[in-house]
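Next comes final_14.cif, a file with mmCIF, C-alpha atoms.
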data_my_file
#
loop_
_atom_site.label_atom_id
_atom_site.label_comp_id
_atom_site.auth_asym_id
_atom_site.auth_seq_id
_atom_site.Cartn_x
_atom_site.Cartn_y
_atom_site.Cartn_z
CA MET A 29 4.23 -8.12 -25.37
CA ILE A 30 2.64 -9.21 -22.06
CA VAL A 31 6.06 -10.02 -20.62
CA THR A 32 7.39 -6.57 -21.55
CA ILE A 33 4.39 -4.78 -20.04
CA LEU A 34 4.70 -6.73 -16.78
CA LYS A 35 8.40 -6.01 -16.53
CA VAL A 36 7.95 -2.29 -17.21
CA LEU A 37 5.12 -1.97 -14.67
CA ALA A 38 7.12 -3.89 -12.08
CA VAL A 39 10.09 -1.53 -12.47
CA LEU A 40 7.86 1.57 -12.43
CA GLY A 41 6.04 0.34 -9.31
CA LEU A 42 9.32 -0.40 -7.56
CA LEU A 43 10.74 3.04 -8.37
CA LEU A 44 7.51 4.83 -7.48
CA ASN A 45 7.35 3.33 -4.00
CA LEU A 46 11.04 3.93 -3.37
CA PHE A 47 10.53 7.59 -4.28
CA LEU A 48 7.41 7.92 -2.10
CA VAL A 49 9.08 6.27 0.92
CA ILE A 50 12.17 8.50 0.63
CA ARG A 51 10.01 11.61 0.34
CA LYS A 52 7.76 10.59 3.25
CA SER A 53 10.75 9.68 5.47
CA LYS A 54 11.65 13.37 5.78
CA SER A 55 8.36 14.27 7.44
CA ILE A 56 8.35 11.08 9.55
CA LEU A 57 11.80 11.75 10.99
CA ALA A 58 10.87 15.38 11.61
CA SER A 59 8.12 14.33 14.05
CA GLU A 60 8.66 13.24 17.66
CA ASP A 61 6.68 10.02 17.20
CA GLY A 62 8.61 9.23 14.02
CA LYS A 63 11.96 9.72 15.74
CA GLU A 64 10.83 7.58 18.67
CA LYS A 65 9.76 4.70 16.40
CA TRP A 66 12.96 5.02 14.36
CA ASP A 67 15.14 4.73 17.47
CA GLU A 68 12.98 1.92 18.86
CA SER A 69 13.20 -0.03 15.59
CA LYS A 70 16.98 0.11 15.34
CA LYS A 71 17.37 -2.76 17.81
CA TYR A 72 15.22 -4.96 15.54
CA ILE A 73 17.26 -4.40 12.37
CA PRO A 74 18.92 -7.87 12.34
CA TYR A 75 15.68 -9.64 13.29
CA ASN A 76 13.46 -7.81 10.79
CA THR A 77 16.03 -8.28 8.03
CA ILE A 78 15.97 -12.04 8.62
CA VAL A 79 12.16 -11.95 8.56
CA GLY A 80 12.32 -10.18 5.21
CA VAL A 81 14.80 -12.67 3.74
CA VAL A 82 12.90 -15.77 4.90
CA ALA A 83 9.39 -14.48 4.10
CA ASN A 84 10.18 -13.39 0.55
CA PHE A 85 12.32 -16.46 -0.14
CA LEU A 86 9.27 -18.57 0.73
CA ASP A 87 7.01 -16.30 -1.32
CA VAL A 88 8.78 -17.41 -4.51
CA PHE A 89 7.73 -21.01 -3.74
CA GLY A 90 4.08 -20.15 -3.20
CA ILE A 91 3.89 -19.97 0.59
CA GLY A 92 3.38 -16.20 0.55
CA SER A 93 5.31 -13.48 2.34
CA TYR A 94 2.38 -11.88 4.20
CA ALA A 95 1.74 -14.82 6.50
CA THR A 96 5.38 -15.27 7.49
CA THR A 97 6.05 -11.54 7.85
CA SER A 98 2.94 -10.88 9.95
CA ALA A 99 3.75 -13.77 12.25
CA GLY A 100 7.38 -12.64 12.48
CA PHE A 101 6.47 -9.09 13.44
CA LYS A 102 3.88 -10.19 15.98
CA LEU A 103 5.91 -12.95 17.62
CA GLY A 104 9.06 -10.81 17.76
CA LYS A 105 7.13 -7.69 18.83
CA SER A 106 9.37 -5.86 16.36
CA VAL A 107 6.63 -3.68 14.83
CA ARG A 108 3.74 -2.00 16.64
CA ASP A 109 0.39 -3.69 15.93
CA GLY A 110 -1.08 -0.57 14.38
CA ASP A 111 1.81 -0.32 11.91
CA ILE A 112 1.86 -3.97 10.77
CA PRO A 113 -0.61 -3.66 7.82
CA GLY A 114 1.18 -0.64 6.40
CA THR A 115 4.65 -2.08 6.96
CA LEU A 116 3.58 -5.27 5.17
CA ASN A 117 2.17 -3.44 2.16
CA VAL A 118 4.96 -0.87 1.84
CA GLY A 119 7.96 -3.02 2.80
CA ASP A 120 7.09 -5.99 0.60
CA THR A 121 6.40 -3.89 -2.50
CA LEU A 122 10.04 -3.78 -3.65
CA PRO A 123 10.75 -7.55 -3.34
CA ILE A 124 7.42 -8.53 -4.87
CA CYS A 125 7.93 -6.14 -7.81
CA LEU A 126 11.39 -7.66 -8.21
CA GLU A 127 9.81 -11.11 -8.13
CA ALA A 128 7.26 -10.10 -10.78
CA PHE A 129 10.08 -8.72 -12.97
CA LEU A 130 12.21 -11.85 -12.69
CA PHE A 131 9.36 -14.29 -13.27
CA ALA A 132 7.42 -12.31 -15.89
CA ALA A 133 8.74 -14.67 -18.58
CA LEU A 134 6.34 -17.30 -17.20
CA ALA A 135 3.46 -15.34 -18.70
CA GLY A 136 1.41 -17.49 -21.06
CA VAL A 137 -2.05 -16.23 -20.16
CA ASP A 138 -4.51 -14.32 -22.34
CA GLY A 139 -3.81 -10.57 -22.19
CA LEU A 140 -7.41 -9.53 -21.42
CA THR A 141 -7.74 -12.07 -18.61
CA LEU A 142 -4.44 -10.96 -17.09
CA GLY A 143 -5.23 -7.24 -17.38
CA VAL A 144 -8.75 -7.42 -15.95
CA LEU A 145 -7.73 -9.49 -12.93
CA ILE A 146 -4.74 -7.28 -12.12
CA VAL A 147 -6.84 -4.09 -12.37
CA ALA A 148 -9.58 -5.61 -10.17
CA ALA A 149 -7.00 -6.48 -7.49
CA VAL A 150 -5.49 -2.97 -7.60
CA ILE A 151 -8.91 -1.31 -7.19
CA GLY A 152 -9.68 -3.61 -4.27
CA ALA A 153 -6.36 -2.74 -2.62
CA LEU A 154 -7.06 0.99 -2.99
CA CYS A 155 -10.47 0.64 -1.35
CA GLY A 156 -9.15 -1.60 1.44
CA ALA A 157 -6.19 0.67 2.21
CA LYS A 158 -8.48 3.68 2.67
CA LEU A 159 -10.43 1.69 5.26
CA VAL A 160 -7.50 0.21 7.18
CA THR A 161 -5.50 3.48 7.37
CA LYS A 162 -8.41 4.99 9.31
CA LEU A 163 -8.60 2.19 11.89
CA ASN A 164 -7.32 2.65 15.44
CA ILE A 165 -5.07 0.07 17.11
CA GLN A 166 -8.04 -2.03 18.26
CA GLY A 167 -9.52 -2.08 14.78
CA VAL A 168 -6.19 -3.20 13.34
CA ARG A 169 -5.85 -5.97 15.92
CA LEU A 170 -9.34 -7.26 15.21
CA MET A 171 -8.90 -7.23 11.43
CA MET A 172 -5.41 -8.76 11.60
CA GLY A 173 -6.77 -11.49 13.87
CA VAL A 174 -9.53 -12.28 11.38
CA GLY A 175 -7.05 -12.10 8.50
CA MET A 176 -4.55 -14.46 10.11
CA ILE A 177 -7.23 -17.05 10.94
CA ILE A 178 -8.55 -16.94 7.36
CA LEU A 179 -5.06 -17.17 5.91
CA GLY A 180 -4.05 -20.08 8.17
CA ILE A 181 -7.13 -22.04 7.08
CA ILE A 182 -6.47 -21.25 3.39
CA MET A 183 -2.86 -22.42 3.69
CA ALA A 184 -3.98 -25.70 5.27
CA LEU A 185 -6.64 -26.24 2.57
CA ARG A 186 -4.04 -25.64 -0.13
CA VAL A 187 -1.55 -28.10 1.37
CA PHE A 188 -4.17 -30.86 1.47
CA ALA A 189 -5.75 -29.85 -1.88
CA VAL A 190 -9.23 -29.47 -0.39
CA GLY A 191 -12.07 -28.27 -2.65
CA PRO A 192 -11.04 -25.67 -5.26
CA PHE A 193 -7.47 -25.78 -3.93
CA GLY A 194 -7.05 -29.19 -5.50
CA LEU A 195 -8.39 -28.27 -8.94
CA VAL A 196 -6.05 -27.72 -11.89
CA GLY A 197 -7.29 -26.50 -15.26
CA ASP A 198 -5.50 -26.34 -18.59
CA GLY A 199 -6.84 -23.12 -20.16
CA LEU A 200 -5.06 -19.84 -20.97
CA LYS A 201 -8.10 -17.54 -20.89
CA LEU A 202 -11.44 -17.15 -19.13
CA SER A 203 -14.82 -16.80 -20.83
CA ALA A 204 -16.75 -13.55 -20.27
CA GLY A 205 -18.91 -14.97 -17.47
CA ARG A 206 -16.02 -16.59 -15.61
CA LEU A 207 -13.90 -13.45 -16.05
CA VAL A 208 -16.57 -11.35 -14.32
CA ILE A 209 -16.70 -13.81 -11.41
CA ALA A 210 -12.91 -13.86 -11.15
CA ALA A 211 -12.72 -10.05 -11.25
CA ILE A 212 -15.20 -9.73 -8.37
CA VAL A 213 -13.26 -12.22 -6.25
CA GLN A 214 -9.96 -10.51 -7.17
CA PHE A 215 -11.39 -7.20 -5.96
CA ILE A 216 -12.24 -8.83 -2.61
CA LEU A 217 -8.77 -10.39 -2.40
CA GLY A 218 -7.25 -6.97 -3.07
CA VAL A 219 -9.22 -5.58 -0.13
CA LEU A 220 -8.14 -8.47 2.11
CA MET A 221 -4.44 -7.93 1.29
CA ASN A 222 -4.66 -4.89 3.57
CA ILE A 223 -5.34 -7.02 6.63
CA GLY A 224 -2.63 -9.57 5.92
CA VAL A 225 -4.56 -12.13 3.88
CA GLY A 226 -2.08 -12.87 1.11
CA LEU A 227 -3.44 -13.10 -2.43
CA TYR A 228 -1.23 -15.97 -3.65
CA ALA A 229 -3.07 -19.09 -2.44
CA PRO A 230 -6.70 -17.96 -2.88
CA CYS A 231 -5.93 -16.46 -6.31
CA MET A 232 -4.27 -19.72 -7.41
CA ALA A 233 -7.34 -21.66 -6.25
CA LEU A 234 -9.69 -19.21 -7.95
CA CYS A 235 -7.95 -19.26 -11.34
CA CYS A 236 -7.31 -23.02 -11.42
CA GLY A 237 -10.85 -23.68 -10.23
CA LEU A 238 -12.22 -21.61 -13.12
CA GLY A 239 -10.19 -23.61 -15.62
CA LEU A 240 -6.84 -21.85 -16.03
CA SER A 241 -3.59 -23.81 -16.06
CA VAL A 242 -0.94 -23.28 -13.39
CA ALA A 243 1.32 -21.70 -16.02
CA ALA A 244 -1.40 -19.16 -16.83
CA THR A 245 -2.16 -18.54 -13.16
CA LEU A 246 1.39 -17.69 -12.03
CA PRO A 247 1.68 -14.36 -13.89
CA ILE A 248 -1.78 -13.38 -12.64
CA VAL A 249 -0.78 -14.09 -9.03
CA MET A 250 2.61 -12.39 -9.21
CA GLY A 251 1.41 -9.51 -11.36
CA SER A 252 -1.63 -8.84 -9.17
CA SER A 253 0.37 -8.91 -5.94
CA ALA A 254 3.02 -6.56 -7.32
CA MET A 255 0.66 -4.10 -9.00
CA LEU A 256 -1.87 -3.86 -6.17
CA MET A 257 0.92 -3.07 -3.71
CA ALA A 258 2.86 -0.74 -6.01
CA PHE A 259 -0.07 1.27 -7.35
CA GLY A 260 -2.83 0.46 -4.86
CA SER A 261 -2.24 -0.08 -1.15
CA GLY A 262 1.44 0.94 -0.93
CA PRO A 263 1.03 4.63 -1.87
CA GLN A 264 -2.05 4.88 0.36
CA TYR A 265 -0.18 3.68 3.45
CA ILE A 266 2.81 5.87 2.61
CA LYS A 267 0.58 8.93 2.30
CA ALA A 268 -1.06 8.17 5.66
CA GLY A 269 2.31 7.45 7.32
CA ARG A 270 0.91 4.25 8.85
CA PHE A 271 4.08 2.16 8.69
CA ASP A 272 7.36 1.57 10.54
CA LEU A 273 10.04 3.27 8.44
CA MET A 274 13.01 1.23 9.68
CA ALA A 275 11.07 -2.04 9.35
CA VAL A 276 10.11 -1.06 5.80
CA ILE A 277 13.77 -0.52 4.92
CA THR A 278 14.77 -3.90 6.36
CA GLN A 279 11.86 -5.56 4.54
CA MET A 280 12.93 -4.03 1.26
CA ALA A 281 16.58 -5.05 1.64
CA GLY A 282 16.01 -8.46 3.23
CA GLY A 283 13.10 -9.24 0.93
CA ALA A 284 15.11 -8.49 -2.20
CA ILE A 285 17.90 -10.76 -0.95
CA GLY A 286 15.41 -13.57 -0.27
CA VAL A 287 13.91 -13.32 -3.78
CA LEU A 288 17.36 -13.32 -5.43
CA ILE A 289 18.51 -16.34 -3.41
CA ALA A 290 15.41 -18.27 -4.48
CA TYR A 291 15.76 -17.21 -8.11
CA PHE A 292 19.45 -17.87 -8.62
CA PHE A 293 20.36 -20.60 -6.15
CA VAL A 294 17.33 -22.71 -5.27
CA LYS A 295 15.39 -24.34 -8.09
CA THR A 296 13.14 -26.70 -6.10
CA LEU A 297 11.92 -26.84 -2.53
CA ASP A 298 9.65 -29.31 -0.75
CA VAL A 299 7.34 -26.87 1.01
CA LYS A 300 4.47 -29.11 2.18
CA ILE A 301 5.66 -29.71 5.76
CA LEU A 302 7.00 -26.16 6.01
CA THR A 303 3.65 -24.75 4.88
CA ILE A 304 1.81 -26.79 7.50
CA ILE A 305 4.13 -25.44 10.21
CA ILE A 306 3.67 -21.87 9.02
CA ALA A 307 -0.11 -22.35 8.82
CA VAL A 308 -0.11 -23.38 12.51
CA VAL A 309 2.06 -20.38 13.41
CA VAL A 310 -0.24 -18.06 11.47
CA LEU A 311 -3.31 -19.42 13.27
CA LEU A 312 -1.58 -18.88 16.62
CA THR A 313 -0.66 -15.36 15.52
CA GLY A 314 -4.33 -14.71 14.78
CA VAL A 315 -5.18 -15.86 18.29
CA MET A 316 -2.55 -13.47 19.68
CA PHE A 317 -4.13 -10.54 17.82
CA PHE A 318 -7.54 -11.49 19.25
CA ARG A 319 -6.01 -11.78 22.73
CA ASP A 320 -4.47 -8.31 22.49
CA TYR A 321 -7.74 -6.96 21.10
CA ASN A 322 -9.62 -8.40 24.07
CA ASN A 323 -7.04 -7.05 26.53
CA GLY A 324 -7.36 -3.61 24.96
CA LYS A 325 -11.10 -3.39 25.54
CA PRO A 326 -12.19 -0.89 28.22
CA ARG A 327 -13.15 -2.73 31.41
CA ARG A 328 -16.38 -2.11 33.27
CA ARG A 329 -15.98 -1.12 36.86
CA ASN A 330 -17.80 -3.15 39.47
CA SER A 331 -20.56 -1.10 41.05
#

As structure tokens:
Amino acid sequence: MIVTILKVLAVLGLLLNLFLVIRKSKSILASEDGKEKWDESKKYIPYNTIVGVVANFLDVFGIGSYATTSAGFKLGKSVRDGDIPGTLNVGDTLPICLEAFLFAALAGVDGLTLGVLIVAAVIGALCGAKLVTKLNIQGVRLMMGVGMIILGIIMALRVFAVGPFGLVGDGLKLSAGRLVIAAIVQFILGVLMNIGVGLYAPCMALCCGLGLSVAATLPIVMGSSAMLMAFGSGPQYIKAGRFDLMAVITQMAGGAIGVLIAYFFVKTLDVKILTIIIAVVVLLTGVMFFRDYNNGKPRRRNS
């Protein structure tokens, strides 16, 4: 039953966001700014497609697509800073819903635990998206800088199994008290998804630390990520038009290819060294956002 519900929601979320993007693209391409960004983004089609393939391929193995995609956009200067949060949340919705559909059979967790944690993440994403869509370019740079630093540290902690990142439980459900705690943290993680802090690693640490097994945690992680983007942050960013349309298209196509390659052709992958490298790159990306934020501050004139 749980598997069927997850699969149906994943398909509905995928179709919903495709429909919303197609509908919004008409108004975007009708505006001068939209046409300018569309033409500007064409030269990054090969690069952004590769970013989508690599990021979502790695997402299947637990590294997370947000970190890699954010770093790729920033380092390649292929998406404007102000459009990165929206492009992340809209462009990765299709591949992550596909991922949730393909891996839904892993579900072995208690239905109430799964449902509560997914809903909490979706509500958090809705609240966070409303905040981030109202930020100017400086606000986005500051929040992305903070997000990348936090995410880089989390990735490093997970690699070396520090603190809760090294705990592994064996349960399939959470007690009432632990479920409330987990729901509150999931809400916060849903908010943080809007500034590039991927949910995968901290959610894994949270659930395992509270006593759930890895098998029970995987559907929570994948389901939460897919649902919060499909029904939470994604539609909010689409409505506000705060995303790069061409980059979203390349993320959708490249991301889907990356997920399918991982699912059908690669069964195991030693990701420890790769995760460390990406963690360093993500930390450097955070520094770059802070640098650009500092450079964008108005300068006082000498009297």

The residue from A:Leu200, A:Val287, A:Ile248, A:Ile301 with the smallest atom-to-atom distance to Asn84 in chain A, counting all atoms listed in the file, is A:Val287

I'd like to know which of A:Phe129, A:Tyr228, A:Tyr321, A:Phe215 is closest to Lys35 in chain A, using all atoms listed in the file.
A:Phe129

Considering only C-alpha atoms, can you say which of A:Cys231, A:Leu159, A:Leu217, A:Val144 comes closest to Leu202 in chain A?
A:Val144

Selection result of the PyMOL selection byres ((chain A and resi 125) around 7) on this file, as a ChimeraX atom specification
/A:38-39,41-42,121-124,126-129,254

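Note that CA of Val242 in chain A and CA of Gly205 in chain A are 20.2 Å apart.
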
Please measure the separation of CA of Gln166 in chain A and CA of Pro113 in chain A, giving the value in Å to one decimal.
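Atom-to-atom, CA of Gln166 in chain A to CA of Pro113 in chain A, that is 12.9 Å.
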
Can you tell me, as a ChimeraX atom specification, which residues sit within 10 Å of (10.6, -8.5, 5.6) in the file's frame, using all atoms listed in the file?
/A:75-85,93-94,96-98,100-101,115-116,119-120,123,275-284,286

All file atoms of range 216-219 of chain A boxed axis-aligned, 6 Å per side, centre plus edges, as JSON:
{"center_x": -9.7, "center_y": -8.0, "center_z": -1.6, "size_x": 17.0, "size_y": 16.8, "size_z": 14.9}

List as a VMD selection string the protein and nucleic acid residues near Gly269 in chain A, meaning an atom at most 10 Å away when all atoms listed in the file are counted, but skip any in the same chain fewer than 5 places from it.
chain A and resid 49 52 to 53 55 to 56 62 111 114 to 115 161 263 to 264

Shell of 10 Å around Val308 in chain A, only C-alpha atoms, local chain residues under 5 positions omitted, as a PyMOL selection string:
chain A and resi 177+180-181+183-184+303+313-314

With only C-alpha atoms as the atoms that count, which of A:Val294, A:Met172, A:Ile223, A:Ile305 lies nearest to Phe318 in chain A?
A:Met172

Interatomic distance between CA of Gly237 in chain A and CA of Leu130 in chain A?
26.0 Å

Surrounding residues of Gly152 in chain A excluding itself and chain neighbours under 2 positions, 7 Å, all atoms listed in the file, as an MDAnalysis selection string:
chainID A and resid 148:150 154:156 215:216 218:219

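The closest residue to Val315 in chain A, picked from A:Gly173, A:Gly92, A:Gly104, A:Gly110 and counting all atoms listed in the file, is A:Gly173.
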
Please determine, counting all atoms listed in the file, which residue among A:Ala268, A:Leu288, A:Ile151, A:Met255 has the shortest atom-to-atom distance to Val88 in chain A.
A:Leu288

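Shell of Phe193 in chain A at 9 Å, with all atoms listed in the file counted and residues fewer than 5 places along the chain excluded, is A:Ile182, A:Leu185, A:Arg186, A:Val187, A:Phe188, A:Ala229, A:Pro230, A:Met232, A:Ala233, A:Leu234, A:Cys236, A:Gly237.
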
Tell me, as a ChimeraX atom specification, which residues lie within 12 Å of Asp61 in chain A, counting all atoms listed in the file; anything in the same chain fewer than 3 positions away does not count.
/A:55-58,64-68,269-273

So which residues are close to (-11.4, -0.7, 18.9), meaning at most 10 Å away in the file's coordinates with all atoms listed in the file counted, and can you show them as a ChimeraX atom specification?
/A:163-170,321-322,324-326

Selection result of the PyMOL selection byres ((chain A and resi 89) around 9) on this file, as a PyMOL selection string:
chain A and resi 85-88+90-92+290+296-297+299

If the PyMOL selection byres ((chain A and resi 203) around 12) is run on the structure shown, which residues does it catch, given as an mmCIF file with C-alpha atoms, in the coordinates of the input?
data_model
loop_
_atom_site.group_PDB
_atom_site.id
_atom_site.type_symbol
_atom_site.label_atom_id
_atom_site.label_comp_id
_atom_site.auth_asym_id
_atom_site.auth_seq_id
_atom_site.Cartn_x
_atom_site.Cartn_y
_atom_site.Cartn_z
ATOM 1 C CA ASP A 138 -4.510 -14.320 -22.340
ATOM 2 C CA LEU A 140 -7.410 -9.530 -21.420
ATOM 3 C CA THR A 141 -7.740 -12.070 -18.610
ATOM 4 C CA GLY A 199 -6.840 -23.120 -20.160
ATOM 5 C CA LEU A 200 -5.060 -19.840 -20.970
ATOM 6 C CA LYS A 201 -8.100 -17.540 -20.890
ATOM 7 C CA LEU A 202 -11.440 -17.150 -19.130
ATOM 8 C CA ALA A 204 -16.750 -13.550 -20.270
ATOM 9 C CA GLY A 205 -18.910 -14.970 -17.470
ATOM 10 C CA ARG A 206 -16.020 -16.590 -15.610
ATOM 11 C CA LEU A 207 -13.900 -13.450 -16.050
ATOM 12 C CA VAL A 208 -16.570 -11.350 -14.320
ATOM 13 C CA ILE A 209 -16.700 -13.810 -11.410
ATOM 14 C CA ALA A 210 -12.910 -13.860 -11.150
ATOM 15 C CA ALA A 211 -12.720 -10.050 -11.250
ATOM 16 C CA CYS A 235 -7.950 -19.260 -11.340
ATOM 17 C CA LEU A 238 -12.220 -21.610 -13.120
ATOM 18 C CA GLY A 239 -10.190 -23.610 -15.620
ATOM 19 C CA LEU A 240 -6.840 -21.850 -16.030
#

Regenerate range 176-194 of chain A at the level of N, CA and C atoms and dump it as a tab-separated table (two decimals), in the coordinates of the input.
chain	number	residue	atom	x	y	z
A	176	MET	N	-5.48	-13.35	9.85
A	176	MET	CA	-4.55	-14.46	10.11
A	176	MET	C	-5.28	-15.80	10.21
A	177	ILE	N	-6.45	-15.81	10.83
A	177	ILE	CA	-7.23	-17.05	10.94
A	177	ILE	C	-7.64	-17.53	9.54
A	178	ILE	N	-8.15	-16.59	8.73
A	178	ILE	CA	-8.55	-16.94	7.36
A	178	ILE	C	-7.36	-17.47	6.57
A	179	LEU	N	-6.23	-16.78	6.68
A	179	LEU	CA	-5.06	-17.17	5.91
A	179	LEU	C	-4.52	-18.52	6.36
A	180	GLY	N	-4.51	-18.78	7.67
A	180	GLY	CA	-4.05	-20.08	8.17
A	180	GLY	C	-4.90	-21.22	7.64
A	181	ILE	N	-6.22	-21.01	7.60
A	181	ILE	CA	-7.13	-22.04	7.08
A	181	ILE	C	-6.89	-22.25	5.58
A	182	ILE	N	-6.72	-21.15	4.84
A	182	ILE	CA	-6.47	-21.25	3.39
A	182	ILE	C	-5.19	-22.01	3.11
A	183	MET	N	-4.14	-21.73	3.89
A	183	MET	CA	-2.86	-22.42	3.69
A	183	MET	C	-3.02	-23.92	3.92
A	184	ALA	N	-3.77	-24.28	4.97
A	184	ALA	CA	-3.98	-25.70	5.27
A	184	ALA	C	-4.79	-26.37	4.15
A	185	LEU	N	-5.83	-25.69	3.65
A	185	LEU	CA	-6.64	-26.24	2.57
A	185	LEU	C	-5.80	-26.45	1.31
A	186	ARG	N	-4.87	-25.52	1.06
A	186	ARG	CA	-4.04	-25.64	-0.13
A	186	ARG	C	-3.07	-26.82	-0.01
A	187	VAL	N	-2.49	-26.99	1.17
A	187	VAL	CA	-1.55	-28.10	1.37
A	187	VAL	C	-2.23	-29.44	1.11
A	188	PHE	N	-3.48	-29.58	1.60
A	188	PHE	CA	-4.17	-30.86	1.47
A	188	PHE	C	-5.09	-30.92	0.25
A	189	ALA	N	-5.00	-29.88	-0.61
A	189	ALA	CA	-5.75	-29.85	-1.88
A	189	ALA	C	-7.24	-30.07	-1.67
A	190	VAL	N	-7.81	-29.34	-0.71
A	190	VAL	CA	-9.23	-29.47	-0.39
A	190	VAL	C	-10.06	-28.56	-1.29
A	191	GLY	N	-11.16	-29.07	-1.84
A	191	GLY	CA	-12.07	-28.27	-2.65
A	191	GLY	C	-11.38	-27.64	-3.85
A	192	PRO	N	-11.63	-26.34	-4.09
A	192	PRO	CA	-11.04	-25.67	-5.26
A	192	PRO	C	-9.53	-25.62	-5.22
A	193	PHE	N	-8.93	-25.83	-4.05
A	193	PHE	CA	-7.47	-25.78	-3.93
A	193	PHE	C	-6.81	-27.01	-4.55
A	194	GLY	N	-7.61	-28.00	-4.88
A	194	GLY	CA	-7.05	-29.19	-5.50
A	194	GLY	C	-7.32	-29.26	-6.99
